[in-house]
file run_4.txt (compact mmCIF, C-alpha atoms)
# COMPACT_ATOMS: atom_id res chain seq x y z
CA MET Y 1 0.00 0.00 0.00
CA TYR Y 2 1.35 3.43 -0.96
CA VAL Y 3 -0.05 6.36 1.02
CA ASP Y 4 1.01 9.93 0.18
CA LYS Y 5 2.21 12.56 2.65
CA HIS Y 6 -1.39 13.57 3.34
CA GLY Y 7 -2.29 10.02 4.37
CA ASP Y 8 -4.33 9.37 1.23
CA PRO Y 9 -3.93 5.93 -0.40
CA GLN Y 10 -2.71 6.14 -4.00
CA ALA Y 11 -1.65 2.64 -5.07
CA VAL Y 12 -1.77 -0.94 -3.87
CA LEU Y 13 0.00 -4.17 -4.72
CA THR Y 14 -1.99 -7.40 -4.84
CA GLY Y 15 -1.45 -10.92 -6.14
CA SER Y 16 -0.19 -14.19 -4.70
CA THR Y 17 3.33 -13.23 -3.65
CA ASN Y 18 4.13 -13.52 0.05
CA TRP Y 19 6.86 -11.26 1.40
CA THR Y 20 9.43 -14.01 1.85
CA SER Y 21 12.55 -15.06 -0.02
CA THR Y 22 10.89 -18.40 -0.77
CA ALA Y 23 7.90 -16.74 -2.45
CA ILE Y 24 10.07 -14.45 -4.54
CA CYS Y 25 12.87 -16.86 -5.43
CA ALA Y 26 11.45 -20.39 -5.21
CA GLN Y 27 7.78 -20.28 -6.22
CA SER Y 28 5.64 -19.35 -9.18
CA ASN Y 29 3.81 -16.15 -8.17
CA ASN Y 30 2.38 -12.93 -9.57
CA ALA Y 31 2.05 -9.35 -8.35
CA LEU Y 32 -0.11 -6.53 -9.71
CA ILE Y 33 0.22 -2.83 -8.81
CA CYS Y 34 -3.04 -0.88 -9.11
CA GLN Y 35 -2.26 2.84 -9.32
CA ASP Y 36 -5.79 3.99 -8.56
CA PRO Y 37 -6.77 5.89 -5.39
CA ASN Y 38 -10.21 4.25 -5.16
CA THR Y 39 -8.75 0.76 -5.40
CA ALA Y 40 -6.06 1.59 -2.87
CA ALA Y 41 -8.67 3.11 -0.53
CA ALA Y 42 -10.77 -0.07 -0.68
CA TYR Y 43 -7.78 -2.19 0.28
CA LEU Y 44 -6.82 0.18 3.09
CA THR Y 45 -10.36 0.06 4.48
CA TYR Y 46 -10.21 -3.73 4.44
CA TRP Y 47 -6.84 -3.69 6.19
CA GLN Y 48 -8.30 -1.47 8.88
CA ARG Y 49 -11.23 -3.90 9.28
CA ILE Y 50 -8.82 -6.79 9.73
CA LYS Y 51 -6.87 -4.85 12.36
CA ALA Y 52 -10.02 -3.88 14.26
CA ASP Y 53 -11.39 -7.44 14.12
CA ALA Y 54 -8.18 -8.78 15.72
CA GLY Y 55 -8.53 -12.22 14.18
CA HIS Y 56 -12.02 -13.01 15.49
CA GLN Y 57 -13.75 -12.92 12.07
CA ALA Y 58 -16.85 -11.61 13.81
CA PRO Y 59 -20.27 -11.47 12.07
CA GLY Y 60 -19.99 -7.72 11.49
CA TYR Y 61 -16.58 -8.11 9.89
CA ARG Y 62 -17.85 -10.89 7.64
CA SER Y 63 -20.98 -9.02 6.54
CA LYS Y 64 -18.95 -5.98 5.43
CA ASN Y 65 -16.83 -8.26 3.25
CA ASP Y 66 -19.91 -9.78 1.61
CA GLN Y 67 -20.35 -7.07 -1.00
CA ALA Y 68 -18.71 -6.50 -4.35
CA ILE Y 69 -16.83 -3.23 -4.79
CA ASP Y 70 -17.18 -1.73 -8.26
CA LEU Y 71 -13.92 -0.09 -9.35
CA LYS Y 72 -14.94 1.83 -12.47
CA ALA Y 73 -11.54 3.46 -13.06
CA ILE Y 74 -9.89 0.09 -13.70
CA ASP Y 75 -13.04 -1.74 -14.85
CA ALA Y 76 -12.78 -4.28 -12.05
CA THR Y 77 -14.74 -5.89 -9.25
CA LEU Y 78 -13.12 -6.37 -5.86
CA TRP Y 79 -14.11 -8.85 -3.16
CA PHE Y 80 -12.77 -9.52 0.31
CA SER Y 81 -13.20 -12.56 2.54
CA PRO Y 82 -14.27 -14.25 4.72
CA ASN Y 83 -17.67 -13.21 3.45
CA THR Y 84 -20.07 -15.94 4.59
CA LYS Y 85 -22.23 -16.21 7.69
CA GLN Y 86 -20.76 -19.59 8.56
CA GLN Y 87 -17.17 -19.59 9.78
CA THR Y 88 -16.28 -22.91 8.18
CA LYS Y 89 -17.35 -24.56 4.94
CA PRO Y 90 -19.99 -27.24 5.58
CA LYS Y 91 -18.98 -30.75 4.54
CA ALA Y 92 -22.10 -30.98 2.37
CA GLY Y 93 -24.46 -28.50 0.75
CA ALA Y 94 -22.18 -25.49 1.08
CA ALA Y 95 -23.69 -22.40 -0.54
CA THR Y 96 -21.59 -20.74 -3.23
CA PRO Y 97 -20.03 -17.56 -1.79
CA GLY Y 98 -20.72 -14.31 -3.63
CA ASP Y 99 -17.13 -13.78 -4.74
CA LEU Y 100 -16.83 -17.22 -6.31
CA ASP Y 101 -20.27 -16.93 -7.87
CA ASP Y 102 -18.92 -13.91 -9.77
CA VAL Y 103 -15.90 -15.93 -10.91
CA PHE Y 104 -17.99 -18.98 -11.84
CA GLN Y 105 -20.27 -16.83 -14.00
CA ALA Y 106 -17.27 -15.39 -15.83
CA ILE Y 107 -15.91 -18.90 -16.43
CA ALA Y 108 -19.28 -20.13 -17.72
CA GLY Y 109 -19.30 -17.24 -20.19
CA ALA Y 110 -15.91 -18.12 -21.70
CA LYS Y 111 -16.01 -18.25 -25.51
CA GLN Y 112 -12.40 -18.90 -26.52
CA ALA Y 113 -10.13 -19.93 -23.68
CA ILE Y 114 -9.51 -20.43 -19.98
CA LEU Y 115 -5.98 -20.50 -18.58
CA PHE Y 116 -5.20 -20.86 -14.89
CA LEU Y 117 -2.63 -21.47 -12.18
CA LEU Y 118 -3.73 -22.54 -8.70
CA PHE Y 119 -2.41 -23.43 -5.27
CA GLN Y 120 -4.45 -26.02 -3.36
CA PRO Y 121 -7.93 -24.56 -4.02
CA GLY Y 122 -9.67 -27.50 -2.35
CA SER Y 123 -13.16 -28.54 -3.39
CA PRO Y 124 -15.43 -27.11 -4.63
CA SER Y 125 -13.31 -24.60 -6.53
CA VAL Y 126 -12.84 -22.94 -9.90
CA ILE Y 127 -11.58 -26.29 -11.23
CA ASP Y 128 -15.14 -27.62 -11.05
CA ALA Y 129 -16.46 -24.59 -12.93
CA ILE Y 130 -13.69 -24.83 -15.55
CA THR Y 131 -14.40 -28.53 -16.08
CA GLN Y 132 -18.10 -27.78 -16.60
CA ALA Y 133 -17.32 -25.01 -19.08
CA ALA Y 134 -14.93 -27.25 -21.02
CA ASN Y 135 -17.45 -30.08 -21.17
CA ALA Y 136 -20.10 -27.68 -22.44
CA ASN Y 137 -17.85 -26.21 -25.14
CA GLY Y 138 -15.52 -28.65 -26.87
CA ASP Y 139 -13.83 -25.83 -28.77
CA LEU Y 140 -12.71 -24.08 -25.58
CA PHE Y 141 -8.91 -23.85 -25.26
CA VAL Y 142 -8.05 -24.88 -21.68
CA ARG Y 143 -4.61 -25.00 -20.10
CA GLY Y 144 -3.78 -24.93 -16.42
CA ALA Y 145 -1.60 -26.21 -13.63
CA ALA Y 146 -2.34 -26.57 -9.95
CA THR Y 147 -0.32 -27.50 -6.89
CA ASP Y 148 -2.41 -30.47 -5.74
CA PRO Y 149 -6.00 -29.26 -6.30
CA ASN Y 150 -7.61 -31.33 -3.54
CA ALA Y 151 -5.21 -32.40 -0.80
CA VAL Y 152 -4.02 -30.09 1.93
CA ASN Y 153 -0.55 -31.41 2.68
CA GLN Y 154 0.60 -32.82 -0.65
CA PHE Y 155 2.40 -30.85 -3.31
CA ASP Y 156 2.00 -32.73 -6.56
CA THR Y 157 1.34 -30.69 -9.69
CA SER Y 158 -1.74 -31.45 -11.81
CA LEU Y 159 -1.91 -30.35 -15.45
CA PHE Y 160 -5.21 -29.66 -17.17
CA HIS Y 161 -5.20 -30.05 -20.93
CA GLN Y 162 -8.29 -29.61 -23.09
CA GLY Y 163 -8.49 -32.34 -25.69
CA ALA Y 164 -11.04 -32.91 -28.39
CA SER Y 165 -13.91 -33.52 -25.99
CA LYS Y 166 -13.09 -32.97 -22.33
CA PRO Y 167 -10.20 -31.80 -20.12
CA ASP Y 168 -7.33 -34.20 -19.61
CA VAL Y 169 -6.82 -34.03 -15.85
CA VAL Y 170 -3.45 -35.57 -15.19
CA LYS Y 171 -3.80 -37.37 -11.87
CA ASP Y 172 -3.66 -40.73 -10.11
CA ALA Y 173 -1.35 -43.04 -12.08
CA SER Y 174 -0.32 -40.22 -14.39
CA MET Y 175 -0.11 -37.52 -11.72
CA VAL Y 176 2.57 -34.99 -12.53
CA ALA Y 177 4.55 -34.98 -9.32
CA ALA Y 178 6.63 -31.81 -9.24
CA THR Y 179 10.14 -33.09 -9.77
CA GLU Y 180 13.47 -31.85 -11.01
CA ILE Y 181 14.97 -33.07 -14.28
CA ARG Y 182 17.20 -36.04 -13.55
CA ASP Y 183 19.17 -36.37 -16.77
CA ALA Y 184 22.85 -36.81 -17.53
CA PHE Y 185 23.58 -33.14 -16.95
CA ALA Y 186 22.31 -33.49 -13.37
CA TYR Y 187 25.54 -35.37 -12.65
CA TRP Y 188 27.26 -31.96 -12.72
CA GLN Y 189 24.41 -29.71 -11.58
CA ARG Y 190 21.04 -30.89 -10.33
CA GLU Y 191 17.97 -28.83 -11.07
CA LEU Y 192 16.65 -27.10 -7.94
CA LEU Y 193 13.17 -28.35 -7.07
CA LYS Y 194 12.58 -26.61 -3.75
CA SER Y 195 14.44 -23.98 -1.75
CA SER Y 196 14.66 -26.37 1.22
CA PRO Y 197 13.40 -29.85 2.21
CA GLY Y 198 10.49 -28.28 4.10
CA ALA Y 199 9.48 -25.87 1.34
CA HIS Y 200 6.37 -26.43 -0.75
CA ALA Y 201 3.82 -24.61 -2.93
CA ILE Y 202 5.97 -24.65 -6.03
CA ILE Y 203 3.02 -23.13 -7.91
CA HIS Y 204 1.61 -20.47 -5.60
CA ASP Y 205 -0.28 -18.41 -8.21
CA LYS Y 206 -4.04 -18.01 -7.87
CA ILE Y 207 -5.09 -16.76 -11.32
CA VAL Y 208 -7.70 -17.43 -13.98
CA VAL Y 209 -7.54 -15.81 -17.43
CA ILE Y 210 -10.65 -15.92 -19.62
CA ASP Y 211 -10.69 -15.05 -23.35
CA PRO Y 212 -7.40 -13.09 -23.33
CA PHE Y 213 -7.86 -12.08 -26.98
CA GLY Y 214 -11.58 -11.32 -26.72
CA GLU Y 215 -13.72 -9.90 -23.93
CA SER Y 216 -10.97 -10.64 -21.45
CA VAL Y 217 -11.28 -11.34 -17.73
CA VAL Y 218 -8.37 -11.71 -15.31
CA VAL Y 219 -8.95 -13.09 -11.82
CA THR Y 220 -6.10 -12.53 -9.37
CA GLY Y 221 -5.35 -11.71 -5.74
CA SER Y 222 -4.53 -13.81 -2.69
CA HIS Y 223 -7.73 -15.89 -2.81
CA ASN Y 224 -7.13 -19.63 -3.44
CA LEU Y 225 -10.29 -19.68 -5.59
CA GLY Y 226 -11.99 -22.39 -3.59
CA PHE Y 227 -14.87 -22.37 -1.10
CA THR Y 228 -12.60 -22.70 1.94
CA ALA Y 229 -10.92 -19.35 1.28
CA SER Y 230 -14.26 -17.54 1.05
CA TYR Y 231 -15.58 -19.17 4.21
CA ALA Y 232 -12.53 -19.00 6.47
CA ASN Y 233 -9.60 -16.92 5.19
CA ASP Y 234 -8.68 -13.23 5.12
CA GLU Y 235 -8.23 -12.83 1.37
CA ASN Y 236 -8.71 -10.45 -1.54
CA LEU Y 237 -10.00 -11.28 -5.02
CA LEU Y 238 -9.76 -8.87 -7.96
CA ILE Y 239 -11.67 -9.45 -11.22
CA VAL Y 240 -10.37 -7.19 -14.03
CA LYS Y 241 -12.37 -6.97 -17.25
CA GLY Y 242 -11.43 -5.74 -20.71
CA ASN Y 243 -7.72 -5.11 -20.07
CA GLN Y 244 -6.19 -7.10 -22.91
CA PRO Y 245 -2.52 -6.21 -22.24
CA LEU Y 246 -2.98 -7.48 -18.69
CA ALA Y 247 -4.80 -10.59 -19.90
CA ALA Y 248 -2.07 -11.31 -22.46
CA ALA Y 249 0.62 -11.00 -19.79
CA TYR Y 250 -1.20 -13.32 -17.40
CA ALA Y 251 -1.99 -15.82 -20.18
CA THR Y 252 1.70 -15.90 -21.13
CA HIS Y 253 2.65 -16.52 -17.51
CA ALA Y 254 0.11 -19.35 -17.23
CA MET Y 255 1.42 -21.05 -20.38
CA ASP Y 256 5.02 -20.59 -19.25
CA ILE Y 257 4.34 -22.50 -16.03
CA TYR Y 258 2.12 -25.08 -17.76
CA ASP Y 259 4.81 -25.85 -20.36
CA HIS Y 260 7.47 -26.04 -17.63
CA TYR Y 261 5.65 -28.90 -15.90
CA ARG Y 262 4.34 -30.51 -19.09
CA TRP Y 263 7.95 -31.00 -20.23
CA ARG Y 264 8.90 -32.56 -16.90
CA TYR Y 265 5.88 -34.83 -17.11
CA TRP Y 266 6.98 -35.91 -20.60
CA LEU Y 267 10.48 -36.70 -19.35
CA GLN Y 268 9.08 -38.63 -16.38
CA THR Y 269 6.68 -40.77 -18.38
CA GLN Y 270 8.73 -41.29 -21.55
CA LYS Y 271 12.14 -41.66 -19.88
CA ALA Y 272 14.62 -42.87 -22.52
CA ARG Y 273 11.98 -42.48 -25.23
CA ALA Y 274 11.53 -38.75 -24.53
CA TRP Y 275 13.98 -37.95 -27.34
CA THR Y 276 15.49 -40.52 -29.66
CA GLY Y 277 17.09 -38.34 -32.30
CA LEU Y 278 16.08 -36.25 -35.28
CA ASP Y 279 13.65 -37.56 -37.88
CA VAL Y 280 15.16 -37.06 -41.33
CA THR Y 281 11.74 -37.39 -43.02
CA PRO Y 282 8.92 -34.80 -43.14
CA ALA Y 283 7.01 -36.95 -40.63
CA TRP Y 284 8.37 -34.84 -37.75
CA GLN Y 285 5.83 -32.17 -38.76
CA ASP Y 286 2.79 -34.43 -38.43
CA LYS Y 287 2.19 -33.69 -34.75
CA TYR Y 288 1.71 -30.02 -35.57
CA PHE Y 289 -1.21 -30.79 -37.90
CA THR Y 290 -3.45 -32.89 -35.68
CA PRO Y 291 -6.91 -31.39 -34.99
CA GLN Y 292 -5.92 -30.62 -31.39
CA ALA Y 293 -2.64 -28.97 -32.40
CA GLN Y 294 -4.43 -26.91 -35.02
CA LYS Y 295 -6.85 -25.61 -32.38
CA GLU Y 296 -3.95 -24.42 -30.26
CA ILE Y 297 -2.14 -22.80 -33.18
CA LEU Y 298 -5.35 -21.07 -34.27
CA PHE Y 299 -5.96 -19.76 -30.76
CA TRP Y 300 -2.54 -18.14 -30.46
CA THR Y 301 -2.37 -16.81 -34.02
CA ARG Y 302 -5.96 -15.57 -34.36
CA PRO Y 303 -5.14 -12.06 -32.98
CA ALA Y 304 -2.33 -11.60 -35.52
CA MET Y 305 -4.43 -12.99 -38.38
CA ALA Y 306 -7.11 -10.41 -37.64
CA HIS Y 307 -4.69 -7.65 -38.68
CA VAL Y 308 -3.50 -9.30 -41.91
call {"tool": "encode", "arguments": {"input": "run_4.txt", "output": "structure tokens"}}
result
Amino acid sequence: MYVDKHGDPQAVLTGSTNWTSTAICAQSNNALICQDPNTAAAYLTYWQRIKADAGHQAPGYRSKNDQAIDLKAIDATLWFSPNTKQQTKPKAGAATPGDLDDVFQAIAGAKQAILFLLFQPGSPSVIDAITQAANANGDLFVRGAATDPNAVNQFDTSLFHQGASKPDVVKDASMVAATEIRDAFAYWQRELLKSSPGAHAIIHDKIVVIDPFGESVVVTGSHNLGFTASYANDENLLIVKGNQPLAAAYATHAMDIYDHYRWRYWLQTQKARAWTGLDVTPAWQDKYFTPQAQKEILFWTRPAMAHV
């Protein structure tokens, strides 16, 4: 939070990055600076509520969080949590919190693509909404990675890959456990997996990007994007609409992390078959012309083609 000499808030930083060396140097994270006095003022008011509440998460504190803040200057909606009457998520029949209902509606309205990075969202979460959207629209381009979507104390990495009909959720026998590359070069220098044996949360981002080249939506903040965060955690959730440069940056980040773990998954599963030499025939191009590959190429090149 930046406050000027008069005590007026002018800018605020949000995102998933904790103020630790681990978060900055050993995890996938994001940070967004909003240089808008109204946005900064909303965050400062929330901070003051947290301070006054002193960790009790009292009914009055919760009720003030249960309202969307319309930030017209940056075309965004801001939510804070916890924002439910109940202090913990019921084991069954939990009502969808208002903040996640906003996010779920945006996901359901996706026309071109959904990209995401998540840290232990639990269940239910945006993963359920993304799966429903992908099943309803087979042409939707979906890519995402999550540090163990369901468990609380495990740190495997799941990759979500939209195929011809439904998402390919890599789990169980084909779970992508986050691992370093153990190839011949590792004899000289091993790839760093974690900053220490006790470190975790290799993917710590909490982002969803919808239609980055269309009517874009970017969801970011500290919120894990699952019910538990809305019911029990002090979090912030920012939904930015129509900012294509921001959406393009976040989409690029999501694909960067996705590809990082997809390559490690390929090395893990294929082992010695991961690369067997160059193909001297034109057949090496075939994989780029499958229906699924063509969908991906079309998605990324469509914006450029529109200007040709």
call {"tool": "residues_around", "arguments": {"input": "run_4.txt", "residues": "Y:Ala113", "least_positions_apart": "3", "cutoff": "9 Å", "atoms": "all atoms listed in the file", "output": "PyMOL selection string"}}
result
chain Y and resi 110+139-143+209-213+299
call {"tool": "closest_residue", "arguments": {"input": "run_4.txt", "among": "Y:Asp256, Y:Asp4, Y:Asp75, Y:Asp53", "to": "Y:Cys34", "atoms": "all atoms listed in the file"}}
result
Y:Asp75
call {"tool": "residues_around", "arguments": {"input": "run_4.txt", "residues": "stretch 222-230 of chain Y", "least_positions_apart": "4", "cutoff": "9 Å", "atoms": "only C-alpha atoms", "output": "MDAnalysis selection string"}}
result
chainID Y and resid 14:17 80:84 88:89 94:100 103 118:127 205:207 234:238
call {"tool": "atom_distance", "arguments": {"input": "run_4.txt", "atom1": "atom CA of Y:Leu278", "atom2": "atom CA of Y:His260"}}
result
22.1 Å
call {"tool": "atom_distance", "arguments": {"input": "run_4.txt", "atom1": "atom CA of Y:Ala145", "atom2": "atom CA of Y:Ile130"}}
result
12.3 Å
call {"tool": "residues_near_point", "arguments": {"input": "run_4.txt", "point": "(-7.2, -6.8, -21.1)", "cutoff": "12 Å", "atoms": "all atoms listed in the file", "output": "number ranges by chain"}}
result
Y: 74-76, 209-219, 239-251
call {"tool": "atom_distance", "arguments": {"input": "run_4.txt", "atom1": "atom CA of Y:Leu32", "atom2": "atom CA of Y:Gly221"}}
result
8.4 Å
call {"tool": "residues_around", "arguments": {"input": "run_4.txt", "residues": "Y:Ala58", "least_positions_apart": "4", "cutoff": "12 Å", "atoms": "all atoms listed in the file", "output": "mmCIF file with C-alpha atoms, keeping the file's coordinate frame"}}
result
data_model
loop_
_atom_site.group_PDB
_atom_site.id
_atom_site.type_symbol
_atom_site.label_atom_id
_atom_site.label_comp_id
_atom_site.auth_asym_id
_atom_site.auth_seq_id
_atom_site.Cartn_x
_atom_site.Cartn_y
_atom_site.Cartn_z
ATOM 1 C CA ARG Y 49 -11.230 -3.900 9.280
ATOM 2 C CA ILE Y 50 -8.820 -6.790 9.730
ATOM 3 C CA ALA Y 52 -10.020 -3.880 14.260
ATOM 4 C CA ASP Y 53 -11.390 -7.440 14.120
ATOM 5 C CA ALA Y 54 -8.180 -8.780 15.720
ATOM 6 C CA ARG Y 62 -17.850 -10.890 7.640
ATOM 7 C CA SER Y 63 -20.980 -9.020 6.540
ATOM 8 C CA LYS Y 64 -18.950 -5.980 5.430
ATOM 9 C CA ASN Y 65 -16.830 -8.260 3.250
ATOM 10 C CA SER Y 81 -13.200 -12.560 2.540
ATOM 11 C CA PRO Y 82 -14.270 -14.250 4.720
ATOM 12 C CA ASN Y 83 -17.670 -13.210 3.450
ATOM 13 C CA THR Y 84 -20.070 -15.940 4.590
ATOM 14 C CA LYS Y 85 -22.230 -16.210 7.690
ATOM 15 C CA GLN Y 86 -20.760 -19.590 8.560
ATOM 16 C CA GLN Y 87 -17.170 -19.590 9.780
ATOM 17 C CA ALA Y 232 -12.530 -19.000 6.470
#
call {"tool": "residues_around", "arguments": {"input": "run_4.txt", "residues": "Y:Asn38", "least_positions_apart": "6", "cutoff": "12 Å", "atoms": "only C-alpha atoms", "output": "PDB file with C-alpha atoms, in the frame of the given file"}}
result
ATOM      1  CA  ASP Y   8      -4.330   9.370   1.230  1.00  0.00           C
ATOM      2  CA  PRO Y   9      -3.930   5.930  -0.400  1.00  0.00           C
ATOM      3  CA  GLN Y  10      -2.710   6.140  -4.000  1.00  0.00           C
ATOM      4  CA  ALA Y  11      -1.650   2.640  -5.070  1.00  0.00           C
ATOM      5  CA  VAL Y  12      -1.770  -0.940  -3.870  1.00  0.00           C
ATOM      6  CA  LEU Y  44      -6.820   0.180   3.090  1.00  0.00           C
ATOM      7  CA  THR Y  45     -10.360   0.060   4.480  1.00  0.00           C
ATOM      8  CA  ILE Y  69     -16.830  -3.230  -4.790  1.00  0.00           C
ATOM      9  CA  ASP Y  70     -17.180  -1.730  -8.260  1.00  0.00           C
ATOM     10  CA  LEU Y  71     -13.920  -0.090  -9.350  1.00  0.00           C
ATOM     11  CA  LYS Y  72     -14.940   1.830 -12.470  1.00  0.00           C
ATOM     12  CA  ALA Y  73     -11.540   3.460 -13.060  1.00  0.00           C
ATOM     13  CA  ILE Y  74      -9.890   0.090 -13.700  1.00  0.00           C
ATOM     14  CA  ASP Y  75     -13.040  -1.740 -14.850  1.00  0.00           C
ATOM     15  CA  ALA Y  76     -12.780  -4.280 -12.050  1.00  0.00           C
ATOM     16  CA  THR Y  77     -14.740  -5.890  -9.250  1.00  0.00           C
ATOM     17  CA  LEU Y  78     -13.120  -6.370  -5.860  1.00  0.00           C
TER      18      LEU Y  78
END
call {"tool": "closest_residue", "arguments": {"input": "run_4.txt", "among": "Y:Ala146, Y:Val280, Y:Val208, Y:Ile33", "to": "Y:Tyr258", "atoms": "all atoms listed in the file"}}
result
Y:Ala146
call {"tool": "closest_residue", "arguments": {"input": "run_4.txt", "among": "Y:His204, Y:Lys5, Y:Trp79, Y:Asp101", "to": "Y:Ala23", "atoms": "all atoms listed in the file"}}
result
Y:His204
